[in-house]
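Working notes, structure below.
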Amino acid sequence: MKKSLISFFAVLAIAGCTTSHKTTSAKQTDKELENLVSLMDGKFSSELQSKTDSTYYNISLVMIPIWSERNDGKWLYVEQAVAANSDKPYRQRVYHLQHPSKDTFTSEIYTIKDALTFAGLQNDKMKKDKLTFDLIELKDGCTVTLKKQGETYVGGTEADKCPSDLRGAAYATTKIVLKKGMLESWDQGFDASGKQVWGATKRGYIFMKQ
């Protein structure tokens with residue numbers, strides 16, 4: 001009887017460990033989120049668009065994963081620059097990607113303290129190691145929500161919730177279309193009356209993956 005009890009509890013212990021292991025693995029692996037990251041990860045350029053429409057600049061865009069040890073979603077370092085001055089980015093951000101529900105993904109946007117000191121981080125391991133969580137700050141109201149539609153992700157920010165004081169703006173909006181090999185990003189700034197004061201007027205910038 002004693003041996004039977006020992007065997008019984010041993011089986012329960014093994015089963016418990018197996019269940020726990022499966023639960024942990026499930027939390028660590030989100031193939032849908034990883035697929036989204038794979039579409040965003042890399043170097044992009046709007047050169048082709050700039051050649052067909054002179055009102056658009058030739059912009060380089062780089063997005064690379066960072067902080068892979070964290071288990072609270074995926075994190076990306078993002079850098080944008082005029083191609084002719086790629087070593088002097090005009091925008092540097094950290095994106096926090098999460099998958100809150102089926103076919104819905106969010107990207108929280110963070111600014112970086114002393115951002116220019118991290119310019120070129122994608123090619124500099126020392127800079128990558130020095131970018132720590134305490135150096136970023138959440139841009140409240142600027143979260144981008146994406147909906148998966150087939151193989152395409154479409155979405156943007158919520159109405160007028162993302163504050164901006166750039167060139168007389170009161171708020172900014174972002175619209176995104178993302179699919180394999182292409183990202184269209186349309187950033188616009190509006191004043192308090194809703195009049196556009198900066199950003200493209202026809203459509204977003206079309207970035208082709210390099």
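Quick note on naming: the chains in the structure tokens go A, B, ... in the order shown, residues restart at 1 in each chain, and ligands are numbered from 1 in order of appearance.
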
### Query
Looking only at the backbone, which of the residues in segment 2-178 of chain A does DSSP tag as helix (DSSP H, G or I), as an NGL selection string?
:A and (2-28 or 31-40 or 47-52 or 83-85 or 115-118 or 121-123 or 125-130 or 133-135 or 166-168)

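Look at Val82 of chain A: the protein and nucleic acid residues within 9 Å of it, using only C-alpha atoms and passing over chain neighbours fewer than 6 places away, are Tyr57, Asn58, Ile59, Ser60, Leu61, Lys88, Pro89 and Tyr90 of chain A.
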
Once you count only C-alpha atoms, what closest atom pair and distance in Å to one decimal does each residue of segment 65-168 of chain A within 12 Å of segment 193-205 of chain A have, with rows by chain and rising residue number, as a Markdown table?
| residue | atom | partner | partner_atom | distance |
| --- | --- | --- | --- | --- |
| A:Gln80 | CA | A:Tyr205 | CA | 11.9 |
| A:Gly156 | CA | A:Gly204 | CA | 11.8 |
| A:Ala159 | CA | A:Gly194 | CA | 10.8 |
| A:Asp160 | CA | A:Gly194 | CA | 9.0 |
| A:Ser164 | CA | A:Trp198 | CA | 10.9 |
| A:Asp165 | CA | A:Val197 | CA | 10.5 |
| A:Leu166 | CA | A:Trp198 | CA | 8.2 |
| A:Arg167 | CA | A:Val197 | CA | 6.9 |
| A:Gly168 | CA | A:Val197 | CA | 6.9 |

### Message
DSSP on the backbone: which residues in chain A end up as strand (DSSP E)? Give the answer as an MDAnalysis selection string.
### Response
chainID A and resid 42:45 59:66 74:82 91:101 104:112 136:138 144:149 152:156 162:163 171:179 182:190 196:199 205:209

### Task
May I have the residues within 9 Å of Thr111 of chain A as JSON, numbers by chain, using only C-alpha atoms and disregarding those fewer than 2 positions away in the same chain?
{"A": [92, 93, 94, 109, 113, 115, 135, 136, 137, 138, 139]}

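Nearest residue to Trp67 of chain A, choosing from A:Lys130, A:Lys161, A:Lys31, A:Lys51 and counting only C-alpha atoms: A:Lys130.
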
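Residues lying within 7 Å of Gln210 of chain A, counting only C-alpha atoms and ignoring same-chain neighbours fewer than 5 positions away, are Lys43, Phe44 and Ser45 of chain A.
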
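Minimum atom-to-atom distance to Ser107 of chain A, evaluated using only C-alpha atoms, belongs to A:Asp140 out of A:Asp140, A:Asp87, A:Asp124, A:Asp53.
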
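One distance worth recording is that between atom CA of Tyr95 of chain A and atom CA of Leu76 of chain A, which is 5.1 Å.
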
### Query
Can you list, as a ChimeraX atom specification, every protein, DNA or RNA residue that comes within 12 Å of Glu34 of chain A when you count only C-alpha atoms, leaving out same-chain residues fewer than 2 positions away?
/A:28-32,36-41,65,68,73-76,97-99,105

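The two atoms in question, atom CA of Gly189 of chain A and atom CA of Gly141 of chain A, are spaced 14.2 Å apart.
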
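The spacing separating atom CA of Val62 of chain A from atom CA of Glu158 of chain A amounts to 24.4 Å.
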
### Message
as an NGL selection string, please: the residues near Thr174 of chain A (cut-off 8 Å, only C-alpha atoms, same-chain neighbours under 4 positions excluded).
### Response
:A and (144 or 156-157 or 185-188)

### Task
Write out as a PyMOL selection string each polymer residue whose atoms come within 8 Å of Leu183 of chain A, counting only C-alpha atoms; drop sequence neighbours fewer than 3 positions from it.
chain A and resi 176-179+206-209
